[in-house]
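Engineer: Got a structure for you, written out below as structure tokens; questions coming shortly.
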Amino acid sequence: MSPAASSLGKDLVGLEDLDAGQIRSILDTAEPFKEISERKIKKVPVLRGKTIVNLFMEPSTRTRISFEFAEKRLSADTVNIAASGSSVQKGETLVDTARNLEAMKIDMVVIRHWASGAAGFLADRIPSNVINAGDGSHEHPTQALLDLLTIRDHTGRIEGLKVCIVGDILHSRVARSNIFGLLKLGAEVGVCGPRTLLPAGIGELGVTVFRRVEEAIEWADVLNVLRLQLERMKGGYVPTLREYNRVYGISTRRLEAASGETLVLHPGPMNRGVEIDSDVADGPHSVILKQVTNGVAVRMAILYLLAGGAPEQAEAAKQEGVG
């Protein structure tokens, strides 16, 4: 089954490969889809007849459920596969798993995988559309897109903003996708974290490196706070979690010592009391739950565009079947 022609190409593997126009197209397409989630009946027939496989080889809550909601609200048929319940545990390769799914005549695969490059590897080997839901420490494009949409919603722009990503940059696929997307849309980007959690040569990407979180907060209009990815750490990257919070934790005291107007994002899951204090996560600076809401609209937009939908027709498409 051949994939439909798309303004994004066949797949969404990462934001590094997209241009500014394509990124704006996704954000603009997501805008009209937001309203569908506010309806009493949250469903339109945009992807009726399409079959989408959610192939999650790593644990996930927000991303997996957000994709499921997006698919079902567009009326697609969905199949969910986790590593624990698949033939991968018996030694089957990723490509063999996907090719067997293809033999059942699917249209799209949403994949999360522990290996960096897995999404691109799969996209090159099957004709179905492939969407990267996070691959190792490489990219997490849909998370970055919902972050961009949330920032734009609350500030009215991306261009010219100063956005600092704080925390475990070394292991973060979210950080990489955000850096690519923000820079392409004209933002200034900073990163802040312990030396042990900053990739070598990170400044070569065009970002400003801050060693002290107080300086980062003073500089930034927006903070995107990342958790310590302890599951990916095989050594002592920080002395203790308490020490990390003391030196790099985002607190109300630190925010108010700066401008006091900084927007705070977090991709989740949060380690409260480590990278972010609860009074910030639940306070007036936070747009964390708005990110979750926007995640469904962004993923609806990506599914719609990869299925061949036109951005300029998204407003009309959301009205299909209504009335």
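Here's how to read the names in the structure tokens: chain A, B, ... by the order shown, residue numbers from 1 in each chain, ligand numbers from 1 in the order shown.
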Write out as a ChimeraX atom specification each polymer residue whose atoms come within 12 Å of stretch 78-80 of chain A, counting only C-alpha atoms; drop sequence neighbours fewer than 3 positions from it.

Structural biologist: /A:47-57,64-65,67-75,83-86,101,104,106-112

Engineer: Show me, as a list in words, the residues that have an atom within 8 Å of A:Pro32 when counting only C-alpha atoms, minus same-chain residues fewer than 6 positions from it.

Structural biologist: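 Listing them by chain and then by number gives Ala314, Glu315 and Lys318 of chain A.
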
Engineer: How would the residues just chosen look if you wrote them out with N, CA and C atoms as a PDB file, in the first residue's frame?

Structural biologist:
```pdb
ATOM      1  N   ALA A 314      -7.399  22.058   6.451  1.00  0.00           N
ATOM      2  CA  ALA A 314      -7.592  21.471   7.780  1.00  0.00           C
ATOM      3  C   ALA A 314      -8.849  21.999   8.452  1.00  0.00           C
ATOM      4  N   GLU A 315      -9.137  23.278   8.272  1.00  0.00           N
ATOM      5  CA  GLU A 315     -10.337  23.866   8.876  1.00  0.00           C
ATOM      6  C   GLU A 315     -11.604  23.187   8.348  1.00  0.00           C
ATOM      7  N   LYS A 318     -11.930  19.392   9.624  1.00  0.00           N
ATOM      8  CA  LYS A 318     -12.428  19.145  10.973  1.00  0.00           C
ATOM      9  C   LYS A 318     -13.957  19.234  11.054  1.00  0.00           C
TER      10      LYS A 318
END
```

Engineer: If we count only C-alpha atoms, what is near A:Ala220 at a cut-off of 6 Å, once residues fewer than 2 positions away on the same chain are taken out, given as a ChimeraX atom specification?

Structural biologist: /A:162-164,217-218,222

Engineer: For A:Leu185, find every residue with an atom within 10 Å (counting only C-alpha atoms), except residues of its own chain fewer than 2 positions away, and show them as a list in words.

Structural biologist: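 Everything that qualifies: Asp19, Ala20, Gly21, Ile23, Arg24, Leu148, Arg157, Ile158, Glu159, Gly160, Leu161, Phe180, Gly181, Leu182, Leu183, Ala187 and Glu188 of chain A.
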
Engineer: Can you write out the residues you just picked, keeping all heavy atoms, as a compact mmCIF listing (two decimals), in the first residue's frame?

Structural biologist:
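Saved to result-v5.txt:
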```txt
# COMPACT_ATOMS: atom_id res chain seq x y z
N ASP A 19 12.26 21.90 7.09
CA ASP A 19 12.58 23.32 7.02
C ASP A 19 11.56 24.12 7.83
O ASP A 19 10.56 23.57 8.32
CB ASP A 19 12.67 23.81 5.57
CG ASP A 19 11.36 23.64 4.79
OD1 ASP A 19 10.28 23.76 5.40
OD2 ASP A 19 11.44 23.37 3.57
N ALA A 20 11.80 25.41 7.97
CA ALA A 20 10.92 26.25 8.78
C ALA A 20 9.49 26.25 8.27
O ALA A 20 8.54 26.23 9.06
CB ALA A 20 11.46 27.68 8.82
N GLY A 21 9.33 26.24 6.96
CA GLY A 21 7.99 26.23 6.38
C GLY A 21 7.22 24.98 6.73
O GLY A 21 6.01 25.04 7.02
N ILE A 23 7.69 23.07 9.40
CA ILE A 23 7.38 23.12 10.83
C ILE A 23 6.19 24.04 11.08
O ILE A 23 5.26 23.69 11.81
CB ILE A 23 8.62 23.58 11.63
CG1 ILE A 23 9.73 22.53 11.53
CG2 ILE A 23 8.25 23.82 13.09
CD1 ILE A 23 11.06 22.96 12.12
N ARG A 24 6.20 25.22 10.47
CA ARG A 24 5.06 26.14 10.63
C ARG A 24 3.77 25.51 10.10
O ARG A 24 2.69 25.71 10.66
CB ARG A 24 5.34 27.46 9.91
CG ARG A 24 6.41 28.31 10.56
CD ARG A 24 6.43 29.71 9.98
NE ARG A 24 7.63 30.42 10.40
CZ ARG A 24 8.74 30.52 9.70
NH1 ARG A 24 8.82 29.96 8.49
NH2 ARG A 24 9.78 31.18 10.17
N LEU A 148 6.67 23.78 20.76
CA LEU A 148 6.64 24.99 19.93
C LEU A 148 5.24 25.59 19.87
O LEU A 148 5.06 26.81 19.96
CB LEU A 148 7.14 24.66 18.52
CG LEU A 148 8.62 24.33 18.37
CD1 LEU A 148 8.89 23.75 16.99
CD2 LEU A 148 9.49 25.56 18.60
N ARG A 157 4.50 34.23 19.35
CA ARG A 157 5.61 34.15 18.38
C ARG A 157 6.64 33.14 18.86
O ARG A 157 6.64 32.70 20.02
CB ARG A 157 6.29 35.51 18.25
CG ARG A 157 6.95 36.01 19.54
CD ARG A 157 7.40 37.45 19.45
NE ARG A 157 7.90 37.93 20.74
CZ ARG A 157 9.18 38.04 21.07
NH1 ARG A 157 10.12 37.68 20.19
NH2 ARG A 157 9.55 38.49 22.26
N ILE A 158 7.52 32.76 17.94
CA ILE A 158 8.73 31.99 18.26
C ILE A 158 9.96 32.83 17.94
O ILE A 158 10.91 32.90 18.72
CB ILE A 158 8.80 30.67 17.46
CG1 ILE A 158 7.57 29.78 17.76
CG2 ILE A 158 10.08 29.92 17.77
CD1 ILE A 158 7.51 29.23 19.16
N GLU A 159 9.92 33.49 16.79
CA GLU A 159 11.06 34.28 16.34
C GLU A 159 11.42 35.35 17.37
O GLU A 159 10.57 36.10 17.85
CB GLU A 159 10.75 34.95 15.00
CG GLU A 159 11.93 35.66 14.38
CD GLU A 159 11.64 36.16 12.97
OE1 GLU A 159 10.48 36.03 12.52
OE2 GLU A 159 12.57 36.68 12.32
N GLY A 160 12.70 35.42 17.70
CA GLY A 160 13.19 36.44 18.62
C GLY A 160 13.10 36.08 20.09
O GLY A 160 13.68 36.77 20.94
N LEU A 161 12.39 35.00 20.43
CA LEU A 161 12.32 34.58 21.83
C LEU A 161 13.64 33.95 22.27
O LEU A 161 14.38 33.38 21.47
CB LEU A 161 11.21 33.55 22.02
CG LEU A 161 9.76 34.04 22.04
CD1 LEU A 161 8.83 32.85 22.21
CD2 LEU A 161 9.52 35.07 23.12
N PHE A 180 16.65 22.00 17.20
CA PHE A 180 16.48 22.10 15.74
C PHE A 180 15.26 22.97 15.40
O PHE A 180 15.34 23.86 14.56
CB PHE A 180 16.30 20.71 15.13
CG PHE A 180 17.52 19.83 15.23
CD1 PHE A 180 17.40 18.48 15.56
CD2 PHE A 180 18.79 20.33 14.97
CE1 PHE A 180 18.51 17.66 15.65
CE2 PHE A 180 19.91 19.51 15.06
CZ PHE A 180 19.76 18.17 15.40
N GLY A 181 14.14 22.70 16.06
CA GLY A 181 12.91 23.42 15.73
C GLY A 181 12.97 24.89 16.11
O GLY A 181 12.58 25.76 15.32
N LEU A 182 13.45 25.19 17.29
CA LEU A 182 13.52 26.57 17.75
C LEU A 182 14.44 27.42 16.88
O LEU A 182 14.10 28.54 16.49
CB LEU A 182 13.99 26.61 19.21
CG LEU A 182 12.96 26.15 20.25
CD1 LEU A 182 13.65 25.83 21.57
CD2 LEU A 182 11.88 27.21 20.46
N LEU A 183 15.61 26.89 16.57
CA LEU A 183 16.56 27.64 15.75
C LEU A 183 15.99 27.90 14.35
O LEU A 183 16.15 28.99 13.80
CB LEU A 183 17.90 26.91 15.66
CG LEU A 183 18.73 26.89 16.95
CD1 LEU A 183 19.97 26.03 16.76
CD2 LEU A 183 19.13 28.30 17.38
N ALA A 187 14.24 31.46 16.98
CA ALA A 187 14.46 31.72 18.40
C ALA A 187 15.95 31.69 18.72
O ALA A 187 16.75 31.09 17.99
CB ALA A 187 13.73 30.68 19.25
N GLU A 188 16.32 32.33 19.82
CA GLU A 188 17.65 32.14 20.40
C GLU A 188 17.53 31.00 21.41
O GLU A 188 16.56 30.95 22.18
CB GLU A 188 18.14 33.40 21.10
CG GLU A 188 18.37 34.60 20.19
CD GLU A 188 18.89 35.79 20.96
OE1 GLU A 188 19.93 35.66 21.65
OE2 GLU A 188 18.22 36.85 20.90
```

Engineer: Using only C-alpha atoms, I'd like a table of the residues in stretch 71-176 of chain A that come within 7 Å of stretch 284-291 of chain A; for each, show the closest atom pair and its distance in Å rounded to one decimal, ordered by chain and ascending number, as a tab-separated table.

Structural biologist:
```
residue	atom	partner	partner_atom	distance
A:Leu146	CA	A:Gln291	CA	6.2
A:Asp147	CA	A:Gln291	CA	6.3
A:Thr150	CA	A:Gln291	CA	5.9
```

Engineer: Save the residues we just selected, all heavy atoms, as a compact mmCIF listing (two decimals), in the first residue's frame?

Structural biologist:
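Saved file selection.txt follows:
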```txt
# COMPACT_ATOMS: atom_id res chain seq x y z
N LEU A 146 4.87 20.04 19.84
CA LEU A 146 3.86 20.49 20.80
C LEU A 146 4.43 21.54 21.74
O LEU A 146 3.71 22.44 22.19
CB LEU A 146 3.26 19.30 21.55
CG LEU A 146 4.09 18.55 22.59
CD1 LEU A 146 3.96 19.19 23.97
CD2 LEU A 146 3.66 17.08 22.66
N ASP A 147 5.73 21.47 22.02
CA ASP A 147 6.37 22.52 22.80
C ASP A 147 6.34 23.84 22.04
O ASP A 147 6.03 24.90 22.60
CB ASP A 147 7.82 22.15 23.12
CG ASP A 147 7.95 20.96 24.06
OD1 ASP A 147 6.95 20.60 24.71
OD2 ASP A 147 9.05 20.40 24.16
N THR A 150 2.86 25.29 22.07
CA THR A 150 2.52 25.84 23.38
C THR A 150 3.18 27.19 23.60
O THR A 150 2.56 28.13 24.10
CB THR A 150 2.91 24.85 24.49
OG1 THR A 150 2.29 23.58 24.24
CG2 THR A 150 2.48 25.36 25.85
```

Engineer: Excluding A:Val95 and its own-chain neighbours fewer than 6 positions away, which residues fall within 12 Å of it when counting only C-alpha atoms? Please give them as a list in words.

Structural biologist: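 After dropping sequence-adjacent residues, the list is Leu55, Ser87, Val88, Leu101, Glu102, Val109, Ile111, Ala118, Ala119, Gly120, Phe121, Leu122, Ala123, Asp124, Arg125, Ile126 and Pro127 of chain A.
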
Engineer: Find the residue from A:Ala200, A:Leu241, A:Gly190, A:Gln22 that sits nearest to A:Trp219; use only C-alpha atoms when measuring.

Structural biologist: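 Checking each candidate against A:Trp219, we get A:Gly190 as the closest.
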
Engineer: From the DSSP assignment of the backbone, select every residue of stretch 227-292 of chain A that is strand (DSSP E or B), and format the answer as a list in words.

Structural biologist: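 Everything in stretch 227-292 of chain A that counts as strand (DSSP E or B) is Ile250, Leu263, Val264, Leu265, Arg272, Ile276 and Ser286 of chain A.
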
Engineer: Identify all residues of stretch 83-275 of chain A in alpha helix (DSSP H) (DSSP on the backbone) and supply them as an MDAnalysis selection string.

Structural biologist: chainID A and resid 94:102 118:123 141:155 173:184 213:219 241:248 252:257

Engineer: Report as a VMD selection string all protein, DNA and RNA residues lying within 6 Å of A:Ser137, evaluated on only C-alpha atoms, omitting residues in the same chain fewer than 2 positions from it.

Structural biologist: chain A and resid 116 171 to 173

Engineer: Okay, now the selection with all heavy atoms, as a JSON list (two decimals), in the first residue's frame?

Structural biologist:
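After the write, again-v5.json holds the following:
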```json
[["chain", "number", "residue", "atom", "x", "y", "z"],
["A", 116, "SER", "N", 18.80, 4.77, 19.08],
["A", 116, "SER", "CA", 18.86, 5.96, 18.24],
["A", 116, "SER", "C", 18.94, 5.55, 16.78],
["A", 116, "SER", "O", 19.73, 4.67, 16.41],
["A", 116, "SER", "CB", 20.09, 6.80, 18.60],
["A", 116, "SER", "OG", 20.02, 7.27, 19.93],
["A", 171, "HIS", "N", 21.35, 13.14, 27.44],
["A", 171, "HIS", "CA", 20.55, 11.95, 27.14],
["A", 171, "HIS", "C", 19.20, 12.28, 26.50],
["A", 171, "HIS", "O", 18.39, 11.38, 26.30],
["A", 171, "HIS", "CB", 20.32, 11.14, 28.41],
["A", 171, "HIS", "CG", 21.57, 10.68, 29.08],
["A", 171, "HIS", "ND1", 22.12, 11.32, 30.17],
["A", 171, "HIS", "CD2", 22.41, 9.66, 28.78],
["A", 171, "HIS", "CE1", 23.23, 10.70, 30.53],
["A", 171, "HIS", "NE2", 23.43, 9.69, 29.71],
["A", 172, "SER", "N", 18.96, 13.55, 26.20],
["A", 172, "SER", "CA", 17.60, 13.98, 25.85],
["A", 172, "SER", "C", 17.36, 14.10, 24.36],
["A", 172, "SER", "O", 17.92, 14.97, 23.69],
["A", 172, "SER", "CB", 17.29, 15.32, 26.51],
["A", 172, "SER", "OG", 16.01, 15.77, 26.14],
["A", 173, "ARG", "N", 16.47, 13.26, 23.85],
["A", 173, "ARG", "CA", 16.00, 13.41, 22.47],
["A", 173, "ARG", "C", 15.09, 14.62, 22.34],
["A", 173, "ARG", "O", 15.00, 15.24, 21.28],
["A", 173, "ARG", "CB", 15.28, 12.13, 22.03],
["A", 173, "ARG", "CG", 14.16, 11.68, 22.96],
["A", 173, "ARG", "CD", 13.82, 10.22, 22.72],
["A", 173, "ARG", "NE", 12.84, 9.69, 23.64],
["A", 173, "ARG", "CZ", 12.70, 8.39, 23.90],
["A", 173, "ARG", "NH1", 13.49, 7.52, 23.32],
["A", 173, "ARG", "NH2", 11.79, 7.96, 24.74]]
```

Engineer: Within 9 Å of stretch 272-275 of chain A, counting only C-alpha atoms, which residues qualify if same-chain residues fewer than 2 places away don't, as a list of chain:residue names?

Structural biologist: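 The residues satisfying every condition are A:Val166, A:Gly167, A:Val225, A:Leu226, A:Arg227, A:Leu228, A:Leu241, A:Arg242, A:Glu243, A:Tyr244, A:Asn245, A:Arg246, A:Tyr248, A:Gly249, A:Ile250, A:Ser251, A:Met270, A:Asp277, A:Ser278, A:Ala281.
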
Engineer: So what do you get for atom CA of A:Glu16 versus atom CA of A:Asn224, distance-wise?

Structural biologist: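 Taking atom CA of A:Glu16 as the start and atom CA of A:Asn224 as the end point, the length is 18.8 Å.
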
Engineer: Nearest to A:Gln143 among A:Val280, A:Leu15, A:Val264, A:Ala307, with distances taken over only C-alpha atoms: which residue is it?

Structural biologist: A:Leu15
